[in-house]
Structures are given as C-alpha cells and as structure tokens.
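A.B. asks: Just so it is clear, I am handing over data.cif, which has mmCIF, C-alpha atoms.
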```cif
data_my_file
loop_
_atom_site.label_atom_id
_atom_site.label_comp_id
_atom_site.auth_asym_id
_atom_site.auth_seq_id
_atom_site.Cartn_x
_atom_site.Cartn_y
_atom_site.Cartn_z
CA MET P 1 -8.31 -3.08 13.94
CA LYS P 2 -6.33 -5.10 16.49
CA ASN P 3 -3.13 -3.16 15.72
CA ALA P 4 -4.97 0.14 16.01
CA LEU P 5 -6.36 -0.85 19.41
CA ARG P 6 -2.90 -1.93 20.58
CA LEU P 7 -1.45 1.40 19.47
CA TYR P 8 -4.19 3.33 21.25
CA ILE P 9 -3.55 1.39 24.46
CA SER P 10 0.15 2.25 24.15
CA TYR P 11 -0.72 5.94 23.72
CA VAL P 12 -2.96 5.81 26.81
CA ALA P 13 -0.31 4.01 28.90
CA ILE P 14 2.29 6.66 28.04
CA SER P 15 -0.15 9.44 28.90
CA ILE P 16 -1.03 7.87 32.25
CA ARG P 17 2.61 7.37 33.19
CA GLY P 18 3.36 10.99 32.36
CA GLN P 19 0.47 12.35 34.44
CA MET P 20 1.25 10.13 37.41
CA GLN P 21 4.80 11.42 37.80
CA TYR P 22 3.50 13.84 40.43
CA ARG P 23 0.83 11.81 42.17
CA ALA P 24 0.11 14.17 45.04
CA SER P 25 -0.49 17.00 42.58
CA PHE P 26 -2.75 14.75 40.50
CA VAL P 27 -4.82 13.73 43.54
CA MET P 28 -5.26 17.33 44.68
CA LEU P 29 -6.25 18.55 41.21
CA ALA P 30 -8.68 15.67 40.73
CA ALA P 31 -10.20 16.35 44.16
CA GLY P 32 -10.51 20.03 43.28
CA TYR P 33 -12.28 19.12 40.05
CA PHE P 34 -14.63 16.84 42.03
CA LEU P 35 -15.52 19.68 44.40
CA MET P 36 -15.92 22.18 41.58
CA THR P 37 -18.44 20.00 39.75
CA ALA P 38 -20.14 19.15 43.05
CA LEU P 39 -21.03 22.85 43.33
CA ASP P 40 -23.15 22.46 40.19
CA PHE P 41 -25.23 19.78 41.86
CA ALA P 42 -25.38 21.85 45.04
CA ALA P 43 -26.96 24.65 43.01
CA LEU P 44 -29.45 22.11 41.62
CA TRP P 45 -30.22 20.99 45.17
CA VAL P 46 -30.90 24.59 46.25
CA LEU P 47 -33.20 25.08 43.26
CA PHE P 48 -35.33 22.07 44.16
CA ASP P 49 -35.26 22.93 47.86
CA HIS P 50 -36.91 26.22 46.91
CA PHE P 51 -39.39 25.06 44.25
CA GLY P 52 -39.94 21.42 45.20
CA SER P 53 -40.25 20.10 41.64
CA ILE P 54 -40.00 21.18 38.00
CA HIS P 55 -42.87 20.08 35.74
CA GLY P 56 -43.52 17.21 38.15
CA TRP P 57 -39.86 16.07 38.21
CA THR P 58 -38.32 15.72 41.68
CA LEU P 59 -34.68 16.17 42.62
CA PRO P 60 -33.81 12.43 42.63
CA GLU P 61 -35.34 12.05 39.16
CA VAL P 62 -33.37 14.99 37.79
CA ALA P 63 -30.31 13.61 39.60
CA LEU P 64 -30.66 10.52 37.40
CA LEU P 65 -30.40 12.73 34.31
CA TYR P 66 -27.51 14.62 35.89
CA GLY P 67 -25.55 11.45 36.66
CA LEU P 68 -26.01 9.90 33.21
CA VAL P 69 -24.95 13.06 31.40
CA ASN P 70 -21.97 13.95 33.58
CA ILE P 71 -20.50 10.45 33.54
CA ALA P 72 -20.76 10.41 29.74
CA PHE P 73 -19.27 13.89 29.38
CA ALA P 74 -16.39 13.12 31.75
CA LEU P 75 -15.45 10.01 29.74
CA ALA P 76 -15.73 11.87 26.44
CA GLU P 77 -13.73 14.86 27.68
CA ALA P 78 -11.00 12.58 29.04
CA THR P 79 -10.60 10.63 25.78
CA ALA P 80 -11.13 13.43 23.24
CA ARG P 81 -8.65 15.98 24.62
CA GLY P 82 -6.70 16.01 21.34
CA PHE P 83 -9.75 17.27 19.44
CA ASP P 84 -10.55 19.89 22.07
CA THR P 85 -7.15 21.55 21.48
CA PHE P 86 -6.95 20.84 17.76
CA GLY P 87 -6.82 24.50 16.72
CA THR P 88 -3.23 24.76 17.99
CA TRP P 89 -2.24 21.79 15.80
CA VAL P 90 -3.50 23.56 12.69
CA LYS P 91 -1.91 26.93 13.52
CA SER P 92 1.49 25.41 14.27
CA GLY P 93 1.45 23.04 11.31
CA ASP P 94 1.93 20.03 13.60
CA PHE P 95 -1.08 18.33 12.02
CA ASP P 96 1.09 17.77 8.93
CA ARG P 97 3.15 15.27 10.95
CA LEU P 98 0.05 13.21 11.69
CA LEU P 99 -0.79 13.06 8.00
CA LEU P 100 2.63 11.61 7.22
CA ARG P 101 2.15 8.67 9.56
CA PRO P 102 0.46 5.48 8.32
CA ARG P 103 -2.25 5.66 10.96
CA SER P 104 -5.66 7.25 11.21
CA THR P 105 -5.56 10.90 12.26
CA VAL P 106 -8.54 10.23 14.52
CA LEU P 107 -6.64 7.49 16.33
CA GLN P 108 -3.55 9.67 16.73
CA LEU P 109 -5.47 12.65 18.09
CA ALA P 110 -7.59 10.49 20.41
CA GLY P 111 -4.42 8.95 21.80
CA GLN P 112 -2.60 12.23 22.42
CA GLU P 113 -3.71 12.45 26.03
CA LEU P 114 -6.05 10.61 28.36
CA HIS P 115 -7.02 13.50 30.59
CA LEU P 116 -7.06 11.74 33.96
CA LEU P 117 -8.15 14.83 35.89
CA ARG P 118 -11.64 14.25 34.51
CA ILE P 119 -11.90 11.36 36.96
CA GLY P 120 -13.05 14.01 39.46
CA ARG P 121 -16.13 14.77 37.37
CA LEU P 122 -16.63 11.09 36.62
CA LEU P 123 -16.70 10.15 40.31
CA GLN P 124 -18.97 13.06 41.16
CA GLY P 125 -21.44 12.07 38.45
CA LEU P 126 -21.28 8.44 39.57
CA ALA P 127 -21.94 9.46 43.19
CA VAL P 128 -25.02 11.46 42.14
CA LEU P 129 -26.28 8.58 39.97
CA LEU P 130 -25.91 6.09 42.85
CA TRP P 131 -27.66 8.49 45.21
CA ALA P 132 -30.54 8.85 42.74
CA GLN P 133 -30.78 5.07 42.33
CA HIS P 134 -30.85 4.62 46.13
CA THR P 135 -33.41 7.38 46.70
CA LEU P 136 -35.85 6.61 43.90
CA GLU P 137 -38.61 4.11 44.66
CA VAL P 138 -38.36 2.60 41.19
CA PRO P 139 -36.81 -0.91 41.23
CA TRP P 140 -33.76 -1.27 39.01
CA THR P 141 -33.72 -4.39 36.87
CA ALA P 142 -31.04 -5.84 34.63
CA ALA P 143 -32.84 -4.28 31.66
CA SER P 144 -32.96 -0.79 33.17
CA ALA P 145 -29.29 -1.05 34.22
CA ALA P 146 -28.40 -2.06 30.67
CA LEU P 147 -30.39 0.92 29.34
CA ALA P 148 -28.52 3.27 31.69
CA ALA P 149 -25.19 1.83 30.51
CA GLY P 150 -26.33 2.23 26.90
CA ALA P 151 -27.32 5.84 27.59
CA ILE P 152 -23.84 6.55 28.99
CA LEU P 153 -22.18 4.86 26.00
CA GLY P 154 -24.38 6.82 23.60
CA GLY P 155 -23.57 9.99 25.51
CA VAL P 156 -19.85 9.36 25.19
CA GLY P 157 -20.29 8.92 21.44
CA LEU P 158 -22.39 12.08 21.17
CA PHE P 159 -19.97 14.31 23.08
CA ILE P 160 -16.92 12.93 21.26
CA GLY P 161 -18.78 13.64 18.02
CA LEU P 162 -19.31 17.23 19.15
CA PHE P 163 -15.59 17.57 19.97
CA ILE P 164 -14.72 16.19 16.53
CA LEU P 165 -17.08 18.62 14.78
CA GLN P 166 -15.60 21.49 16.78
CA ALA P 167 -12.11 20.41 15.71
CA THR P 168 -13.21 20.05 12.08
CA LEU P 169 -14.19 23.72 11.99
CA ALA P 170 -10.51 24.58 12.52
CA PHE P 171 -9.71 23.34 9.00
CA TRP P 172 -11.54 26.39 7.68
CA THR P 173 -11.34 28.86 10.58
CA THR P 174 -7.85 27.96 11.94
CA GLU P 175 -9.10 28.74 15.43
CA GLY P 176 -11.36 26.39 17.35
CA LEU P 177 -14.58 28.37 17.71
CA GLU P 178 -15.73 28.96 21.29
CA ILE P 179 -19.33 28.93 20.09
CA ALA P 180 -19.02 25.15 19.85
CA ASN P 181 -18.78 25.06 23.66
CA ALA P 182 -22.47 25.92 23.70
CA LEU P 183 -23.08 22.37 22.50
CA THR P 184 -20.45 20.62 24.64
CA ASN P 185 -20.32 22.27 28.06
CA GLY P 186 -23.68 23.89 27.43
CA GLY P 187 -25.08 20.57 26.26
CA THR P 188 -24.43 18.98 29.62
CA GLU P 189 -26.40 21.75 31.31
CA THR P 190 -29.28 21.28 28.86
CA ALA P 191 -29.46 17.50 29.24
CA GLN P 192 -29.51 17.70 33.05
CA TYR P 193 -33.14 18.82 32.95
CA PRO P 194 -36.25 17.12 31.50
CA LEU P 195 -36.82 17.97 27.87
CA VAL P 196 -40.42 18.94 28.52
CA ILE P 197 -39.44 22.22 30.24
CA TYR P 198 -38.00 23.68 27.01
CA PRO P 199 -39.88 25.35 24.11
CA ARG P 200 -40.82 23.24 21.08
CA TRP P 201 -38.05 24.45 18.71
CA PHE P 202 -35.48 23.79 21.42
CA ARG P 203 -36.81 20.27 22.02
CA ARG P 204 -36.71 19.47 18.33
CA PHE P 205 -33.15 20.72 17.94
CA PHE P 206 -31.87 18.60 20.83
CA THR P 207 -33.82 15.58 19.64
CA TYR P 208 -33.23 15.52 15.88
CA VAL P 209 -30.10 17.64 15.27
CA VAL P 210 -27.97 17.19 18.40
CA PRO P 211 -29.76 14.24 20.06
CA LEU P 212 -29.07 15.02 23.71
CA ALA P 213 -32.57 13.80 24.55
CA GLY P 214 -31.60 10.35 23.31
CA ILE P 215 -28.85 9.95 25.89
CA SER P 216 -30.64 11.33 28.94
CA TYR P 217 -34.34 12.21 28.82
CA PHE P 218 -35.76 9.27 26.87
CA PRO P 219 -33.77 6.54 28.67
CA ALA P 220 -34.61 8.16 32.03
CA LEU P 221 -38.32 8.05 31.21
CA GLU P 222 -38.13 4.30 30.66
CA ILE P 223 -36.01 3.69 33.76
CA LEU P 224 -38.41 5.76 35.89
CA ASP P 225 -41.46 4.20 34.20
CA ARG P 226 -42.87 7.66 33.55
CA ALA P 227 -45.37 8.58 30.85
CA ASP P 228 -43.96 11.04 28.34
CA PRO P 229 -46.17 14.13 27.89
CA LEU P 230 -44.61 14.46 24.44
CA GLY P 231 -46.07 11.09 23.45
CA THR P 232 -42.83 9.20 22.74
CA ALA P 233 -43.28 5.47 22.08
CA ALA P 234 -41.59 2.94 24.37
CA TRP P 235 -39.39 1.52 21.59
CA VAL P 236 -37.97 5.01 20.95
CA ARG P 237 -36.83 5.22 24.56
CA TRP P 238 -35.03 1.88 24.28
CA MET P 239 -33.39 2.70 20.97
CA SER P 240 -32.62 6.37 21.67
CA PRO P 241 -29.01 5.84 22.94
CA LEU P 242 -28.10 4.68 19.44
CA ALA P 243 -28.60 8.29 18.33
CA GLY P 244 -25.32 9.19 20.06
CA ILE P 245 -23.39 6.50 18.18
CA ILE P 246 -24.97 7.54 14.86
CA PHE P 247 -24.04 11.15 15.60
CA LEU P 248 -20.42 10.09 16.17
CA LEU P 249 -20.33 8.22 12.85
CA ILE P 250 -21.66 11.31 11.05
CA ALA P 251 -19.06 13.49 12.81
CA LEU P 252 -16.29 11.14 11.60
CA ARG P 253 -17.53 11.50 8.02
CA VAL P 254 -17.45 15.29 8.38
CA TRP P 255 -13.92 15.02 9.84
CA ASN P 256 -12.72 13.04 6.81
CA LEU P 257 -14.20 15.75 4.58
CA GLY P 258 -12.24 18.38 6.49
CA VAL P 259 -9.00 16.39 6.24
CA ARG P 260 -9.40 16.13 2.45
CA HIS P 261 -9.73 19.93 2.26
CA TYR P 262 -6.79 20.66 4.57
CA ARG P 263 -4.17 22.86 2.87
CA SER P 264 -1.49 23.04 5.59
CA THR P 265 -0.01 26.28 6.97
CA GLY P 266 2.69 26.70 4.32
CA SER P 267 5.36 26.89 7.03
#
```
Please render this file's structure as structure tokens.
C.D. replies:
Amino acid sequence: MKNALRLYISYVAISIRGQMQYRASFVMLAAGYFLMTALDFAALWVLFDHFGSIHGWTLPEVALLYGLVNIAFALAEATARGFDTFGTWVKSGDFDRLLLRPRSTVLQLAGQELHLLRIGRLLQGLAVLLWAQHTLEVPWTAASAALAAGAILGGVGLFIGLFILQATLAFWTTEGLEIANALTNGGTETAQYPLVIYPRWFRRFFTYVVPLAGISYFPALEILDRADPLGTAAWVRWMSPLAGIIFLLIALRVWNLGVRHYRSTGS
C-alpha cells in the first residue's frame, strides 16, 4: 500500500510539472474554467431572483448543495481523467501495456494525469459554499463541518465510481458511451437541487441506485437542521456519505470483472 501511494504521488508530481511548463497559459485556462462554471451559478441566481424559492428552499440553501457537489465533482474529475478517456486506450491497444506492468491498472490510470485545470471549478464551488455558509443563519459546528467534509469525500468516491463504470463499458463497446455523461455531468446538475422536487421514481433511482442524495441532499438537511418531507431518519443523514464510498467499491469490483474479460485489440 505504501509503495502504491508513493508511485501515485510520483505520477501526480510528473503530471503537475508537465502542466506547469506554461504557467501563464495554465492560469488563463483555469480562470476561464472558473468563469464558465460561475455562469451556472449565475443562472441559478436568476432563477431564484424570479421565483424566490423552490419547495421552500432559498438560494443560500441550494447554494450549499451546489458547493458540496461541485467541489466533489471537481476533485473527482481532476483525479479520474485516465478513466474519462479510457476508450482511446482500448482502441489503440495501449491498455495492454498497463496489464504487463506489476501494478494495479486502477492505480496506473488514476495516475495518468492530475487535471489541474479543474481547480477553476473547485475554487468556484468553494466560493459558493463559503458564501452559503456566511449567508445562512444556521450556526456551523465542528460536527456539521465534519459532515460537510464527509459529504465531499463521499461525493468524490461516487463520481470516481461513475467514471470507472463508464470506462468499464469500453471493454465491451470499445467506445466510451456518451450516455454515461448523463450520470456524471448530469448528476451534478441533479444533485444541485433538493431531492423533494423530483418525481418518486427519480428520487428512488438517485437514492438507491446512484446515491447522489447521500452526498448532497441528506447531509444538507442535517447541516441546515431542516425536517425532511420524505421522512428520512437523522442517522441516515449522518451515514449517507458512506453511500459514495460503497458505490466506489462496487465500481472497482465491476472494473475487475471487465479486466478479466478484456480480449485486447489483436494489433
């Protein structure tokens, strides 16, 4: 485990050095990414300026959901870049090289590139989260801060798991299917709003199948000290971030199944 961690750190250091060769370009691209994601929150602001609230949720409360989800997604997207582009590895046969090395394929793909440009989205999500914390009249305690950190960690696990499942499909389809983006990029949009606004089948899917509710809605309810109209118990809200970690572990099992069925390109 220690050797694997050391190798991953070496991968990350090489990636950072490569991306920082042109620092001015990096800063401008990261700033552009910050502004691009800020437009999403601006649209949210306009929506609440027009309607006032959604199912009793105000803009600062939804901003809490927005911040948690976007920080988690930015971290996952930055660290799971190798899985997001995995289809090209299968088509070119380059995945065969990873299989020949005495290291985990997951570790090698995760270490291919730390996508630093995602720091723009990370900072934007953090800014929104801090604004929500400052605006809300709910006092933040050490317990609620720990729950928010756990929600972000669970969100990172959930989104990395989705990237891994998307990559696993390429073992059978060769191409990475764009439909999977409905659960990654689309998942962030879904989790930015309170679960109660969606129809029942939709709520169940994003609670029990892809547990986005566990990394945004349920923790936010506890932090905001709001009653859940769906009747969720308090212990579920505290334990819900673990759903993201469990989802990641399941995705890794599915990945190993895909690796065992990999038949190479024949080239």
A.B. asks: Which is closer to Ala213 of chain P than all the others in P:Gly111, P:Gly244, P:Gly231, P:Gly186, using only C-alpha atoms?
C.D. replies: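 Ranking P:Gly111, P:Gly244, P:Gly231, P:Gly186 by distance to Ala213 of chain P, first place goes to P:Gly244.
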A.B. asks: With the file shown as input, list the residues that the PyMOL selection byres ((chain P and resi 29) around 12) selects, as JSON, numbers by chain.
C.D. replies: {"P": [19, 20, 22, 23, 24, 25, 26, 27, 28, 30, 31, 32, 33, 34, 35, 36, 115, 116, 117, 118, 119, 120, 121]}
A.B. asks: Select, from P:Leu242, P:Leu230, P:Leu183, P:Leu122, the residue with the minimum atom-to-atom distance to Arg200 of chain P, counting all atoms listed in the file.
C.D. replies: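 Once distances to Arg200 of chain P are computed over all atoms listed in the file, the minimum belongs to P:Leu230.
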A.B. asks: I need the residue nearest Leu98 of chain P from this list: P:Ala76, P:Tyr66, P:Ser264, P:Pro241. Use all atoms listed in the file for the distance.
C.D. replies: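 Going through P:Ala76, P:Tyr66, P:Ser264, P:Pro241 one by one, the smallest distance to Leu98 of chain P is for P:Ser264.
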A.B. asks: For the structure shown, which residues end up in the PyMOL selection byres ((chain P and resi 224) around 12)? Put them as a PyMOL selection string, please?
C.D. replies: chain P and resi 57-58+60-65+132-133+136-141+144-145+147-148+216-223+225-228+237
A.B. asks: What gap, in Å, lies between atom CA of Leu249 of chain P and atom CA of Gly157 of chain P?
C.D. replies: 8.6 Å
A.B. asks: Using the chain letters and numbers from this file, what does the PyMOL selection byres ((chain P and resi 88-97) around 12) select? Give the answer as an MDAnalysis selection string.
C.D. replies: chainID P and resid 82:87 98:106 108:109 112 167:177 258:259 262:267
A.B. asks: Take the residues that were just selected and, keeping C-alpha atoms, output them as a PDB file, in the frame of the given file.
C.D. replies:
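selection_21.pdb was written with the following content:
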```pdb
ATOM      1  CA  GLY P  82      -6.700  16.010  21.340  1.00  0.00           C
ATOM      2  CA  PHE P  83      -9.750  17.270  19.440  1.00  0.00           C
ATOM      3  CA  ASP P  84     -10.550  19.890  22.070  1.00  0.00           C
ATOM      4  CA  THR P  85      -7.150  21.550  21.480  1.00  0.00           C
ATOM      5  CA  PHE P  86      -6.950  20.840  17.760  1.00  0.00           C
ATOM      6  CA  GLY P  87      -6.820  24.500  16.720  1.00  0.00           C
ATOM      7  CA  LEU P  98       0.050  13.210  11.690  1.00  0.00           C
ATOM      8  CA  LEU P  99      -0.790  13.060   8.000  1.00  0.00           C
ATOM      9  CA  LEU P 100       2.630  11.610   7.220  1.00  0.00           C
ATOM     10  CA  ARG P 101       2.150   8.670   9.560  1.00  0.00           C
ATOM     11  CA  PRO P 102       0.460   5.480   8.320  1.00  0.00           C
ATOM     12  CA  ARG P 103      -2.250   5.660  10.960  1.00  0.00           C
ATOM     13  CA  SER P 104      -5.660   7.250  11.210  1.00  0.00           C
ATOM     14  CA  THR P 105      -5.560  10.900  12.260  1.00  0.00           C
ATOM     15  CA  VAL P 106      -8.540  10.230  14.520  1.00  0.00           C
ATOM     16  CA  GLN P 108      -3.550   9.670  16.730  1.00  0.00           C
ATOM     17  CA  LEU P 109      -5.470  12.650  18.090  1.00  0.00           C
ATOM     18  CA  GLN P 112      -2.600  12.230  22.420  1.00  0.00           C
ATOM     19  CA  ALA P 167     -12.110  20.410  15.710  1.00  0.00           C
ATOM     20  CA  THR P 168     -13.210  20.050  12.080  1.00  0.00           C
ATOM     21  CA  LEU P 169     -14.190  23.720  11.990  1.00  0.00           C
ATOM     22  CA  ALA P 170     -10.510  24.580  12.520  1.00  0.00           C
ATOM     23  CA  PHE P 171      -9.710  23.340   9.000  1.00  0.00           C
ATOM     24  CA  TRP P 172     -11.540  26.390   7.680  1.00  0.00           C
ATOM     25  CA  THR P 173     -11.340  28.860  10.580  1.00  0.00           C
ATOM     26  CA  THR P 174      -7.850  27.960  11.940  1.00  0.00           C
ATOM     27  CA  GLU P 175      -9.100  28.740  15.430  1.00  0.00           C
ATOM     28  CA  GLY P 176     -11.360  26.390  17.350  1.00  0.00           C
ATOM     29  CA  LEU P 177     -14.580  28.370  17.710  1.00  0.00           C
ATOM     30  CA  GLY P 258     -12.240  18.380   6.490  1.00  0.00           C
ATOM     31  CA  VAL P 259      -9.000  16.390   6.240  1.00  0.00           C
ATOM     32  CA  TYR P 262      -6.790  20.660   4.570  1.00  0.00           C
ATOM     33  CA  ARG P 263      -4.170  22.860   2.870  1.00  0.00           C
ATOM     34  CA  SER P 264      -1.490  23.040   5.590  1.00  0.00           C
ATOM     35  CA  THR P 265      -0.010  26.280   6.970  1.00  0.00           C
ATOM     36  CA  GLY P 266       2.690  26.700   4.320  1.00  0.00           C
ATOM     37  CA  SER P 267       5.360  26.890   7.030  1.00  0.00           C
TER      38      SER P 267
END
```
A.B. asks: Which residue, P:Gln21, P:Asn181, P:Ser10, P:Thr190, has the smallest gap to Asn70 of chain P when you use all atoms listed in the file?
C.D. replies: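 Smallest separation from Asn70 of chain P among the options: P:Thr190.
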A.B. asks: Atom CA of Ala80 of chain P and atom CA of Ala251 of chain P, how far apart in Å?
C.D. replies: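 Separation between atom CA of Ala251 of chain P and atom CA of Ala80 of chain P: 13.1 Å.
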A.B. asks: Take every atom of segment 251-260 of chain P listed in the file, fit an axis-aligned box around them, add 8 Å per side, and give the centre and edge lengths in Å to one decimal as JSON.
C.D. replies:
```
{"center_x": -14.0, "center_y": 14.8, "center_z": 7.6, "size_x": 26.1, "size_y": 23.2, "size_z": 26.4}
```
A.B. asks: Which one of P:Leu165, P:Ala74, P:Leu68, P:Ala182 sits closest to Leu257 of chain P if you count only C-alpha atoms?
C.D. replies: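 Distance minimum relative to Leu257 of chain P lands on P:Leu165.
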